[in-house]
$ cat model-v2.txt   # compact mmCIF, C-alpha atoms
# COMPACT_ATOMS: atom_id res chain seq x y z
CA MET A 38 -25.22 -138.05 226.40
CA ALA A 39 -21.88 -139.45 225.35
CA ALA A 40 -20.02 -137.57 222.64
CA ILE A 41 -18.83 -139.31 219.52
CA ILE A 42 -16.11 -137.34 217.77
CA PRO A 43 -16.30 -137.92 214.00
CA CYS A 44 -12.59 -137.49 213.34
CA HIS A 45 -10.17 -140.23 212.33
CA TYR A 46 -8.01 -139.35 215.30
CA CYS A 47 -10.58 -141.28 217.30
CA SER A 48 -9.79 -144.53 215.48
CA SER A 49 -7.80 -145.61 218.51
CA LEU A 50 -11.11 -145.71 220.35
CA SER A 51 -12.68 -148.15 217.93
CA ILE A 52 -14.48 -151.42 218.57
CA SER A 53 -11.75 -154.02 218.49
CA LYS A 54 -11.42 -157.67 219.13
CA ARG A 55 -10.38 -158.73 222.66
CA PRO A 56 -12.67 -156.05 224.13
CA ARG A 57 -11.71 -156.57 227.75
CA SER A 58 -8.48 -154.62 227.37
CA HIS A 59 -9.78 -151.91 225.09
CA ILE A 60 -11.06 -148.41 225.85
CA PRO A 61 -14.88 -148.11 225.76
CA TRP A 62 -15.15 -145.10 223.46
CA GLY A 63 -18.88 -144.87 224.03
CA ASN A 64 -18.09 -143.00 227.25
CA ILE A 65 -16.23 -140.02 225.82
CA SER A 66 -18.40 -137.78 227.97
CA HIS A 67 -15.98 -138.59 230.79
CA VAL A 68 -13.08 -137.14 228.79
CA ASN A 69 -12.08 -133.53 229.28
CA ALA A 70 -13.32 -131.62 226.23
CA ALA A 71 -10.52 -129.07 226.40
CA TRP A 72 -7.92 -131.85 226.31
CA TRP A 73 -9.54 -133.30 223.19
CA GLY A 74 -9.56 -129.86 221.63
CA ARG A 75 -5.82 -129.40 222.24
CA GLN A 76 -5.01 -132.83 220.87
CA LEU A 77 -7.13 -132.44 217.76
CA SER A 78 -5.85 -128.90 217.15
CA LEU A 79 -2.30 -130.24 217.36
CA ARG A 80 -3.07 -132.90 214.76
CA CYS A 81 -4.72 -130.35 212.46
CA SER A 82 -1.88 -127.82 212.68
CA LEU A 83 1.07 -130.11 211.93
CA LYS A 84 3.38 -129.20 209.07
CA SER A 85 3.35 -131.35 205.94
CA SER A 86 6.54 -133.19 206.89
CA GLN A 87 5.16 -133.93 210.35
CA LYS A 88 1.90 -135.16 208.85
CA ALA A 89 3.79 -137.54 206.60
CA GLN A 90 5.77 -138.91 209.54
CA LEU A 91 2.65 -139.33 211.61
CA HIS A 92 0.81 -140.99 208.75
CA ASN A 93 3.61 -143.51 208.27
CA LYS A 94 3.84 -144.22 211.98
CA LEU A 95 0.16 -144.63 212.77
CA ASP A 96 -1.24 -145.57 209.35
CA VAL A 97 -4.12 -143.12 209.70
CA LYS A 98 -5.46 -140.38 207.45
CA LEU A 99 -5.43 -136.86 208.83
CA PHE A 100 -8.48 -134.73 208.22
CA PRO A 101 -8.14 -131.23 206.77
CA LEU A 102 -8.39 -128.34 209.19
CA LYS A 103 -12.05 -127.68 208.41
CA GLU A 104 -13.18 -131.22 209.20
CA CYS A 105 -11.20 -131.30 212.43
CA ALA A 106 -12.62 -127.93 213.45
CA ILE A 107 -16.11 -129.34 212.98
CA SER A 108 -15.14 -132.42 215.01
CA ILE A 109 -13.78 -130.32 217.85
CA ALA A 110 -16.84 -128.09 217.90
CA LEU A 111 -19.22 -131.02 217.82
CA ALA A 112 -17.37 -132.79 220.62
CA VAL A 113 -17.20 -129.72 222.82
CA GLY A 114 -20.86 -128.93 222.16
CA LEU A 115 -22.00 -132.41 223.07
CA VAL A 116 -19.89 -132.64 226.19
CA THR A 117 -20.53 -129.13 227.52
CA GLY A 118 -24.01 -128.56 226.13
CA MET A 119 -22.84 -125.44 224.23
CA PRO A 120 -24.03 -125.03 220.63
CA PHE A 121 -21.21 -125.43 218.14
CA VAL A 122 -22.77 -123.41 215.30
CA ASP A 123 -24.80 -120.20 215.36
CA TRP A 124 -28.10 -121.18 213.73
CA SER A 125 -29.54 -117.64 213.75
CA PRO A 126 -30.81 -116.15 210.44
CA ASN A 127 -27.91 -113.69 210.44
CA ALA A 128 -25.45 -116.52 210.67
CA TYR A 129 -26.84 -117.98 207.46
CA ALA A 130 -26.48 -114.68 205.67
CA ALA A 131 -22.93 -113.97 206.76
CA ASN A 132 -21.59 -117.50 207.07
CA PRO A 133 -23.30 -120.05 204.81
CA ALA A 134 -23.10 -123.62 206.09
CA MET A 135 -20.04 -125.52 204.93
CA PRO A 136 -20.82 -128.39 202.53
CA ASP A 137 -18.97 -130.84 204.77
CA LEU A 138 -21.35 -129.98 207.59
CA SER A 139 -24.49 -130.74 205.61
CA VAL A 140 -24.22 -134.44 206.22
CA LEU A 141 -24.18 -133.78 209.96
CA ILE A 142 -27.51 -131.95 209.95
CA SER A 143 -29.62 -133.95 207.49
CA GLY A 144 -33.01 -135.42 208.41
CA PRO A 145 -33.66 -137.87 211.23
CA PRO A 146 -32.51 -141.42 210.57
CA ILE A 147 -34.78 -144.47 210.39
CA LYS A 148 -34.35 -146.30 213.70
CA ASP A 149 -36.77 -149.22 213.38
CA PRO A 150 -34.85 -152.41 212.51
CA GLY A 151 -37.75 -153.82 210.51
CA ALA A 152 -37.95 -150.67 208.40
CA LEU A 153 -34.19 -150.70 207.82
CA LEU A 154 -34.40 -154.28 206.60
CA ARG A 155 -37.35 -153.53 204.31
CA TYR A 156 -35.70 -150.52 202.73
CA SER A 157 -32.42 -152.40 202.23
CA LEU A 158 -33.92 -155.08 199.98
CA PRO A 159 -32.51 -155.06 196.42
CA ILE A 160 -35.75 -154.07 194.68
CA ASP A 161 -36.89 -151.12 192.62
CA ASN A 162 -40.67 -151.03 192.75
CA LYS A 163 -42.06 -147.58 193.46
CA ALA A 164 -45.64 -148.84 193.83
CA ILE A 165 -44.95 -151.06 196.86
CA ARG A 166 -42.81 -148.35 198.46
CA GLU A 167 -45.75 -145.95 198.18
CA VAL A 168 -47.80 -148.44 200.17
CA GLN A 169 -45.02 -148.97 202.70
CA LYS A 170 -44.22 -145.32 203.43
CA PRO A 171 -47.55 -144.25 205.02
CA LEU A 172 -47.66 -147.47 207.04
CA GLU A 173 -44.18 -146.70 208.38
CA ASP A 174 -45.33 -143.14 209.15
CA ILE A 175 -47.91 -144.48 211.61
CA THR A 176 -45.07 -144.69 214.13
CA ASP A 177 -44.66 -140.91 214.03
CA SER A 178 -48.43 -140.37 214.08
CA LEU A 179 -48.66 -142.31 217.34
CA LYS A 180 -46.28 -139.85 218.96
CA VAL A 181 -49.07 -137.28 218.98
CA ALA A 182 -50.70 -137.08 222.42
CA GLY A 183 -54.12 -138.54 223.08
CA VAL A 184 -56.69 -139.87 220.66
CA LYS A 185 -55.91 -137.09 218.18
CA ALA A 186 -53.11 -139.38 217.00
CA LEU A 187 -55.80 -141.63 215.55
CA ASP A 188 -56.82 -138.90 213.10
CA TYR A 189 -53.30 -138.97 211.68
CA VAL A 190 -53.21 -142.76 211.69
CA GLY A 191 -56.49 -142.82 209.78
CA ARG A 192 -54.97 -140.54 207.18
CA ASN A 193 -51.95 -142.85 206.89
CA VAL A 194 -54.17 -145.89 206.41
CA ARG A 195 -56.29 -144.22 203.74
CA GLN A 196 -53.16 -143.15 201.89
CA ALA A 197 -51.72 -146.68 202.00
CA SER A 198 -55.03 -148.23 200.88
CA ARG A 199 -55.28 -145.80 197.97
CA ALA A 200 -51.67 -146.53 196.95
CA LEU A 201 -52.35 -150.28 197.03
CA GLU A 202 -55.50 -149.92 194.94
CA GLN A 203 -53.84 -147.72 192.34
CA GLY A 204 -50.53 -149.58 192.17
CA LYS A 205 -51.60 -153.20 192.63
CA SER A 206 -51.00 -154.19 189.01
CA LEU A 207 -47.48 -152.71 189.12
CA ILE A 208 -46.77 -154.49 192.39
CA ILE A 209 -47.90 -157.83 190.95
CA SER A 210 -45.83 -157.31 187.81
CA GLY A 211 -42.79 -156.79 190.05
CA LEU A 212 -43.14 -160.16 191.79
CA ALA A 213 -40.72 -162.94 190.86
CA GLU A 214 -42.54 -165.44 188.65
CA SER A 215 -41.88 -168.33 191.04
CA LYS A 216 -43.25 -166.31 193.98
CA LYS A 217 -46.19 -164.59 192.29
CA ASP A 218 -48.94 -166.72 193.85
CA HIS A 219 -47.51 -166.23 197.32
CA GLY A 220 -47.12 -162.50 196.77
CA MET A 221 -50.72 -162.08 195.56
CA GLU A 222 -51.96 -163.98 198.62
CA LEU A 223 -50.00 -161.57 200.83
CA LEU A 224 -51.48 -158.57 199.03
CA ASP A 225 -54.99 -159.83 199.77
CA LYS A 226 -54.06 -160.21 203.44
CA LEU A 227 -52.55 -156.73 203.39
CA GLN A 228 -55.76 -155.18 202.04
CA THR A 229 -57.89 -157.04 204.57
CA GLY A 230 -55.53 -155.95 207.36
CA MET A 231 -55.73 -152.30 206.33
CA ASP A 232 -59.53 -152.49 206.41
CA GLU A 233 -59.25 -153.91 209.93
CA LEU A 234 -56.87 -151.14 210.95
CA GLN A 235 -59.33 -148.56 209.64
CA GLN A 236 -62.00 -150.12 211.87
CA ILE A 237 -59.60 -149.92 214.83
CA VAL A 238 -59.14 -146.21 214.12
CA GLU A 239 -62.87 -145.61 213.84
CA GLY A 240 -63.36 -147.47 217.13
CA ARG A 241 -60.79 -145.12 218.71
CA ASN A 242 -58.75 -148.05 220.02
CA ARG A 243 -55.33 -146.45 220.06
CA ASP A 244 -53.67 -149.33 221.95
CA ALA A 245 -54.39 -151.79 219.13
CA VAL A 246 -52.80 -149.71 216.37
CA ALA A 247 -49.11 -150.58 216.80
CA THR A 248 -49.71 -154.35 216.80
CA LYS A 249 -51.78 -154.17 213.61
CA GLN A 250 -49.24 -151.83 212.01
CA LYS A 251 -46.45 -154.35 212.63
CA GLU A 252 -48.57 -157.12 211.09
CA LEU A 253 -49.22 -155.05 207.96
CA LEU A 254 -45.58 -154.07 207.57
CA ASN A 255 -44.57 -157.72 207.87
CA TYR A 256 -46.89 -158.42 204.92
CA VAL A 257 -45.29 -155.56 202.99
CA GLY A 258 -41.79 -156.84 203.75
CA SER A 259 -42.71 -160.35 202.62
CA VAL A 260 -44.18 -159.00 199.36
CA GLU A 261 -40.96 -157.07 198.79
CA GLU A 262 -38.87 -160.18 199.41
CA ASP A 263 -41.01 -161.97 196.81
CA MET A 264 -39.81 -159.36 194.31
CA VAL A 265 -36.18 -160.42 194.61
CA VAL A 266 -35.19 -162.68 191.72
CA GLY A 267 -32.28 -164.94 192.66
CA PHE A 268 -29.18 -163.37 194.18
CA PRO A 269 -28.44 -159.97 192.62
CA TYR A 270 -24.63 -160.15 192.18
CA GLU A 271 -21.54 -162.37 192.33
CA VAL A 272 -19.37 -162.45 195.43
CA PRO A 273 -15.69 -161.78 194.53
CA GLU A 274 -13.86 -164.91 193.48
CA GLU A 275 -11.51 -164.96 196.48
CA TYR A 276 -14.51 -165.32 198.83
CA GLN A 277 -16.73 -167.63 196.78
CA SER A 278 -15.49 -170.78 198.54
CA MET A 279 -16.38 -169.39 201.98
CA PRO A 280 -19.80 -169.83 203.61
CA VAL A 281 -22.01 -167.26 201.87
CA LEU A 282 -25.61 -166.33 202.76
CA LYS A 283 -27.43 -165.62 199.49
CA GLY A 284 -30.56 -164.09 200.96
CA ARG A 285 -31.72 -163.73 204.54
CA ALA A 286 -31.93 -165.96 207.57
CA THR A 287 -33.55 -165.68 210.99
CA VAL A 288 -32.03 -167.00 214.21
CA ASP A 289 -33.13 -166.99 217.86
CA MET A 290 -30.45 -166.30 220.49
CA LYS A 291 -31.41 -167.52 223.97
CA VAL A 292 -29.46 -165.83 226.77
CA LYS A 293 -29.39 -166.86 230.44
CA VAL A 294 -29.29 -163.69 232.51
CA LYS A 295 -27.54 -163.76 235.88
CA GLU A 296 -28.13 -161.57 238.92
CA ASN A 297 -31.09 -159.70 237.48
CA PRO A 298 -34.35 -160.03 239.41
CA ASN A 299 -36.34 -158.58 236.50
CA ILE A 300 -35.32 -161.10 233.86
CA ASP A 301 -34.07 -164.68 234.01
CA GLU A 302 -33.63 -165.50 230.33
CA CYS A 303 -34.50 -163.84 227.07
CA VAL A 304 -34.77 -164.87 223.43
CA PHE A 305 -33.55 -162.33 220.90
CA ARG A 306 -34.74 -162.75 217.33
CA ILE A 307 -32.07 -161.71 214.81
CA ILE A 308 -32.48 -161.28 211.06
CA LEU A 309 -29.24 -161.78 209.11
CA ASP A 310 -29.02 -159.88 205.83
CA GLY A 311 -27.07 -161.75 203.19
CA TYR A 312 -28.24 -159.46 200.41
CA ASN A 313 -25.98 -156.71 201.73
CA ALA A 314 -23.31 -158.68 203.65
CA PRO A 315 -23.31 -162.24 202.24
CA VAL A 316 -19.83 -163.28 203.39
CA THR A 317 -20.22 -161.87 206.91
CA ALA A 318 -23.74 -163.21 207.42
CA GLY A 319 -22.72 -166.57 205.93
CA ASN A 320 -19.74 -166.83 208.27
CA PHE A 321 -21.92 -166.14 211.31
CA LEU A 322 -24.67 -168.56 210.26
CA ASP A 323 -22.06 -171.25 209.64
CA LEU A 324 -20.68 -170.72 213.17
CA VAL A 325 -24.21 -170.88 214.56
CA GLU A 326 -24.68 -174.29 212.96
CA ARG A 327 -21.36 -175.37 214.47
CA HIS A 328 -22.80 -174.33 217.90
CA PHE A 329 -19.75 -172.10 218.26
CA TYR A 330 -21.59 -169.55 220.42
CA ASP A 331 -23.57 -172.02 222.55
CA GLY A 332 -22.43 -171.73 226.17
CA MET A 333 -20.29 -168.65 225.49
CA GLU A 334 -20.45 -165.74 227.91
CA ILE A 335 -21.18 -162.11 227.12
CA GLN A 336 -17.70 -160.57 227.19
CA ARG A 337 -18.42 -156.86 227.04
CA ALA A 338 -21.46 -154.88 228.17
CA ASP A 339 -20.59 -151.26 228.86
CA GLY A 340 -23.76 -149.37 228.00
CA PHE A 341 -22.50 -148.75 224.48
CA VAL A 342 -22.24 -152.24 222.97
CA VAL A 343 -22.75 -155.86 223.96
CA GLN A 344 -20.01 -158.09 222.58
CA THR A 345 -19.10 -161.78 222.47
CA GLY A 346 -17.40 -164.34 220.27
CA ASP A 347 -13.86 -164.48 221.68
CA PRO A 348 -13.17 -168.19 222.32
CA GLU A 349 -11.18 -169.44 225.29
CA GLY A 350 -7.44 -169.74 224.76
CA PRO A 351 -4.98 -167.64 222.76
CA ALA A 352 -7.05 -167.59 219.55
CA GLU A 353 -9.05 -164.43 218.88
CA GLY A 354 -11.44 -166.08 216.46
CA PHE A 355 -12.75 -169.33 215.02
CA ILE A 356 -10.10 -171.96 214.29
CA ASP A 357 -11.27 -173.97 211.29
CA PRO A 358 -10.58 -177.63 212.09
CA SER A 359 -10.04 -178.43 208.41
CA THR A 360 -7.17 -175.92 208.13
CA GLU A 361 -6.19 -175.49 211.81
CA LYS A 362 -6.00 -171.76 211.10
CA THR A 363 -8.12 -168.80 212.13
CA ARG A 364 -10.85 -168.16 209.60
CA THR A 365 -11.03 -164.44 208.84
CA ILE A 366 -13.48 -162.54 206.70
CA PRO A 367 -13.18 -159.19 204.92
CA LEU A 368 -14.70 -155.87 205.76
CA GLU A 369 -17.89 -155.82 203.68
CA ILE A 370 -19.82 -152.57 203.14
CA MET A 371 -22.82 -152.12 200.84
CA VAL A 372 -23.48 -148.54 199.73
CA ASN A 373 -26.71 -147.12 198.35
CA GLY A 374 -26.51 -146.87 194.59
CA GLU A 375 -24.02 -149.73 194.26
CA LYS A 376 -24.92 -153.20 192.97
CA SER A 377 -22.46 -155.08 195.21
CA PRO A 378 -20.51 -154.40 198.43
CA PHE A 379 -17.04 -152.91 198.75
CA TYR A 380 -14.54 -155.33 200.27
CA GLY A 381 -11.41 -154.81 202.34
CA SER A 382 -11.52 -151.03 202.75
CA THR A 383 -13.41 -148.57 204.88
CA LEU A 384 -15.44 -145.90 203.12
CA GLU A 385 -12.93 -143.37 204.42
CA ASP A 386 -10.11 -145.29 202.76
CA LEU A 387 -12.10 -145.21 199.53
CA GLY A 388 -12.74 -141.48 199.85
CA LEU A 389 -16.51 -142.04 200.07
CA TYR A 390 -17.07 -139.77 203.05
CA LYS A 391 -20.74 -139.03 202.31
CA ALA A 392 -21.78 -142.41 200.92
CA GLN A 393 -24.88 -143.87 202.55
CA THR A 394 -24.49 -147.43 203.83
CA ARG A 395 -27.37 -149.78 203.05
CA LEU A 396 -27.28 -151.18 206.60
CA PRO A 397 -26.54 -148.24 208.91
CA PHE A 398 -25.88 -148.15 212.67
CA ASN A 399 -29.25 -146.56 213.36
CA ALA A 400 -31.23 -149.15 215.30
CA PHE A 401 -30.83 -150.21 218.90
CA GLY A 402 -29.55 -153.77 218.43
CA THR A 403 -27.63 -153.25 215.18
CA MET A 404 -25.39 -156.33 214.77
CA ALA A 405 -21.86 -156.00 213.39
CA MET A 406 -18.41 -157.63 213.37
CA ALA A 407 -15.55 -156.59 215.62
CA ARG A 408 -12.09 -156.50 214.06
CA ASP A 409 -8.51 -155.44 214.69
CA GLU A 410 -8.22 -151.68 214.60
CA PHE A 411 -5.76 -151.33 211.74
CA GLU A 412 -6.63 -154.48 209.77
CA SER A 413 -9.87 -154.32 207.81
CA ASN A 414 -9.92 -158.02 206.95
CA SER A 415 -9.36 -159.40 210.45
CA ALA A 416 -12.93 -160.18 211.57
CA SER A 417 -13.58 -163.80 212.51
CA SER A 418 -16.13 -164.66 215.19
CA GLN A 419 -16.43 -161.68 217.53
CA VAL A 420 -19.71 -159.82 217.11
CA PHE A 421 -21.28 -156.83 218.83
CA TRP A 422 -24.69 -155.21 219.14
CA LEU A 423 -25.03 -151.44 219.37
CA LEU A 424 -26.95 -150.19 222.40
CA LYS A 425 -27.29 -146.59 221.31
CA GLU A 426 -29.42 -145.16 218.56
CA SER A 427 -27.55 -142.94 216.14
CA GLU A 428 -28.77 -139.57 217.40
CA LEU A 429 -25.54 -137.64 217.93
CA THR A 430 -25.16 -137.37 214.18
CA PRO A 431 -27.43 -138.59 211.39
CA SER A 432 -26.91 -141.85 209.58
CA ASN A 433 -23.48 -142.29 207.96
CA ALA A 434 -22.01 -139.26 209.73
CA ASN A 435 -20.70 -141.19 212.75
CA ILE A 436 -17.47 -143.16 213.02
CA LEU A 437 -19.15 -146.59 212.87
CA ASP A 438 -20.92 -146.48 209.51
CA GLY A 439 -18.55 -147.52 206.77
CA ARG A 440 -15.90 -148.80 209.19
CA TYR A 441 -17.54 -151.98 210.52
CA THR A 442 -19.65 -154.56 208.73
CA VAL A 443 -23.31 -154.52 209.74
CA PHE A 444 -24.99 -157.79 208.80
CA GLY A 445 -28.26 -157.86 210.72
CA TYR A 446 -30.56 -156.44 213.35
CA ILE A 447 -32.30 -157.73 216.46
CA THR A 448 -36.00 -157.38 215.66
CA GLU A 449 -37.62 -158.78 218.82
CA ASN A 450 -36.77 -158.12 222.48
CA GLU A 451 -33.92 -155.79 221.52
CA ASP A 452 -34.70 -153.56 224.52
CA TYR A 453 -33.51 -156.33 226.84
CA LEU A 454 -29.98 -156.02 225.43
CA ALA A 455 -29.41 -153.21 227.91
CA ASP A 456 -30.02 -155.68 230.77
CA LEU A 457 -27.20 -158.01 229.73
CA LYS A 458 -24.01 -158.06 231.78
CA VAL A 459 -20.58 -159.58 231.39
CA GLY A 460 -20.86 -163.22 232.40
CA ASP A 461 -24.41 -163.77 231.15
CA VAL A 462 -24.46 -166.92 229.04
CA ILE A 463 -25.68 -167.57 225.52
CA GLU A 464 -27.45 -170.88 226.02
CA SER A 465 -28.05 -171.40 222.32
CA ILE A 466 -28.46 -169.77 218.93
CA GLN A 467 -30.84 -171.69 216.67
CA VAL A 468 -31.79 -171.15 213.04
CA VAL A 469 -35.48 -170.38 212.52
CA SER A 470 -35.46 -169.98 208.75
CA GLY A 471 -33.18 -169.29 205.79
CA LEU A 472 -30.60 -172.03 206.27
CA ASN A 473 -31.29 -173.10 202.69
CA ASN A 474 -29.82 -169.75 201.57
CA LEU A 475 -26.40 -170.69 202.97
CA VAL A 476 -23.98 -171.98 200.33
CA ASN A 477 -20.60 -173.64 201.02
CA PRO A 478 -21.49 -174.48 204.64
CA SER A 479 -18.31 -175.65 206.31
CA TYR A 480 -20.17 -177.14 209.28
CA LYS A 481 -21.09 -180.11 207.10
CA ILE A 482 -17.44 -181.01 206.62
CA ALA A 483 -16.28 -183.79 208.93
CA GLY A 484 -14.26 -182.45 211.86
$ encode --input "model-v2.txt" --output "structure tokens"
Amino acid sequence: MAAIIPCHYCSSLSISKRPRSHIPWGNISHVNAAWWGRQLSLRCSLKSSQKAQLHNKLDVKLFPLKECAISIALAVGLVTGMPFVDWSPNAYAANPAMPDLSVLISGPPIKDPGALLRYSLPIDNKAIREVQKPLEDITDSLKVAGVKALDYVGRNVRQASRALEQGKSLIISGLAESKKDHGMELLDKLQTGMDELQQIVEGRNRDAVATKQKELLNYVGSVEEDMVVGFPYEVPEEYQSMPVLKGRATVDMKVKVKENPNIDECVFRIILDGYNAPVTAGNFLDLVERHFYDGMEIQRADGFVVQTGDPEGPAEGFIDPSTEKTRTIPLEIMVNGEKSPFYGSTLEDLGLYKAQTRLPFNAFGTMAMARDEFESNSASSQVFWLLKESELTPSNANILDGRYTVFGYITENEDYLADLKVGDVIESIQVVSGLNNLVNPSYKIAG
């Protein structure tokens, strides 16, 4: 497994624009761990005057000794297979865990893109979440071997049905007035579907569970979207004239695959989340409507990310015909507990080292913007999809969360991303729904 070193020294190994000439930091397992240790130790042991010089020269923040020590230990442990902390009971008594390490060992992250999108909606309705949670937990129940898994699934279904029965009035009261009829219709379908899933469990048909679970969770997600009233905040004034996605949109990306006997072409369904990244998602949807990506090749596929969006010629992004300049967008990060995103700065720059991003790099197929390494507001048209689930460290403890703008997830056929190679062609990206949520669309401007 490749090692990701959560220290800012590794910023030179970031996901940049023009990927063909940049180091694929997803393959750090090929780097000598001892060399990394020497380099990181050197950075951590510099005198104050040397740190100041280095900071001015490289424009990076140096971590304190403790954080770098953790980074070194984690890197060495992942590369060599050696544990980097003694987890024995005696170790706890003599050496209590450092607070900075707690974020590295928290619970397992949510990896399902649909679940991430459901939980990231700007709603606060405990009743619907109590229905959602046991339905999400069916995924873990199905990991149990044999038909015994069905006993756990049955328990999940009964818990969800009970939560729906007890909380239905609170769920209905949380629906937006203009969407109430639609939401109540979905709740009826949800109840019927849970009864059907209970029958599947009683019939011991394990193979039918996952499909029915997905159907029920889609109902739940749609009910939750019907709870959103308007758009929950104002985009900063300097970005209000740009294409902005005030809500969500769905697009299908059709890719022609070359030299692969197992797959000829594939359609990836992508959900763009404008609630948490309205400027970034709006920019991408606007480019989709301009057919900017149609006919473009996959430009990087290294087992870590798949990347595209670099147009032919000297430009590294989209040249707006109306201005004849590259259109750039800001870094845009939504954090749990905040009402609107942070713009223009990484969470490290803001000192928010433990903040939880609303759209984390957890799912296989997480979609984000590439940018210049030392310029937060340099993203334009180059996008990438993560091919690795965030297992080396939990959510928001890796060096992607809070440093790149996530604005969507592939929700169908994401597994086929790993089959893509450089030179495969995006035949088209077409909008399925949500185009009406795009404001200030520049593609409608002549030229």
$ closest_residue --input "model-v2.txt" --among "A:Leu212, A:Leu368, A:Val459, A:Leu396" --to "A:Ser415" --atoms "only C-alpha atoms"
A:Leu368
$ closest_residue --input "model-v2.txt" --among "A:Ile447, A:Ile463, A:Leu472, A:Leu154" --to "A:Leu254" --atoms "only C-alpha atoms"
A:Leu154
$ closest_residue --input "model-v2.txt" --among "A:Pro351, A:Pro298, A:Gly319, A:Pro159" --to "A:Glu261" --atoms "all atoms listed in the file"
A:Pro159
$ closest_residue --input "model-v2.txt" --among "A:Gln196, A:Ser53, A:Arg364, A:Thr345" --to "A:Gln169" --atoms "only C-alpha atoms"
A:Gln196
$ atom_distance --input "model-v2.txt" --atom1 "atom CA of A:Lys283" --atom2 "atom CA of A:Pro315"
6.0 Å
$ atom_distance --input "model-v2.txt" --atom1 "atom CA of A:Thr365" --atom2 "atom CA of A:Ala314"
14.5 Å
$ closest_residue --input "model-v2.txt" --among "A:Tyr480, A:Tyr189, A:Tyr453, A:Phe421" --to "A:Ile335" --atoms "all atoms listed in the file"
A:Phe421
$ residues_around --input "model-v2.txt" --residues "A:Ala338" --least-positions-apart "4" --cutoff "10 Å" --atoms "all atoms listed in the file" --output "MDAnalysis selection string"
chainID A and resid 56:57 61 342:345 421:422 424 454:461
$ write_last_selection --input "model-v2.txt" --atoms "C-alpha atoms" --output "compact mmCIF listing (two decimals), in the coordinates of the input"
# COMPACT_ATOMS: atom_id res chain seq x y z
CA PRO A 56 -12.67 -156.05 224.13
CA ARG A 57 -11.71 -156.57 227.75
CA PRO A 61 -14.88 -148.11 225.76
CA VAL A 342 -22.24 -152.24 222.97
CA VAL A 343 -22.75 -155.86 223.96
CA GLN A 344 -20.01 -158.09 222.58
CA THR A 345 -19.10 -161.78 222.47
CA PHE A 421 -21.28 -156.83 218.83
CA TRP A 422 -24.69 -155.21 219.14
CA LEU A 424 -26.95 -150.19 222.40
CA LEU A 454 -29.98 -156.02 225.43
CA ALA A 455 -29.41 -153.21 227.91
CA ASP A 456 -30.02 -155.68 230.77
CA LEU A 457 -27.20 -158.01 229.73
CA LYS A 458 -24.01 -158.06 231.78
CA VAL A 459 -20.58 -159.58 231.39
CA GLY A 460 -20.86 -163.22 232.40
CA ASP A 461 -24.41 -163.77 231.15
$ residues_around --input "model-v2.txt" --residues "A:Pro280" --least-positions-apart "4" --cutoff "6 Å" --atoms "all atoms listed in the file" --output "list in words"
Gly319, Asn320, Val476, Asn477 and Pro478 of chain A
$ write_last_selection --input "model-v2.txt" --atoms "C-alpha atoms" --output "PDB file, keeping the file's coordinate frame"
ATOM      1  CA  GLY A 319     -22.720-166.570 205.930  1.00  0.00           C
ATOM      2  CA  ASN A 320     -19.740-166.830 208.270  1.00  0.00           C
ATOM      3  CA  VAL A 476     -23.980-171.980 200.330  1.00  0.00           C
ATOM      4  CA  ASN A 477     -20.600-173.640 201.020  1.00  0.00           C
ATOM      5  CA  PRO A 478     -21.490-174.480 204.640  1.00  0.00           C
TER       6      PRO A 478
END
$ closest_residue --input "model-v2.txt" --among "A:Gly332, A:Gly445, A:Gly211, A:Pro378" --to "A:Val265" --atoms "all atoms listed in the file"
A:Gly211
$ atom_distance --input "model-v2.txt" --atom1 "atom CA of A:Ala392" --atom2 "atom CA of A:Ala213"
29.7 Å
$ residues_around --input "model-v2.txt" --residues "A:Phe401" --least-positions-apart "3" --cutoff "7 Å" --atoms "only C-alpha atoms" --output "list in words"
Leu423, Leu424, Lys425, Glu426 and Glu451 of chain A
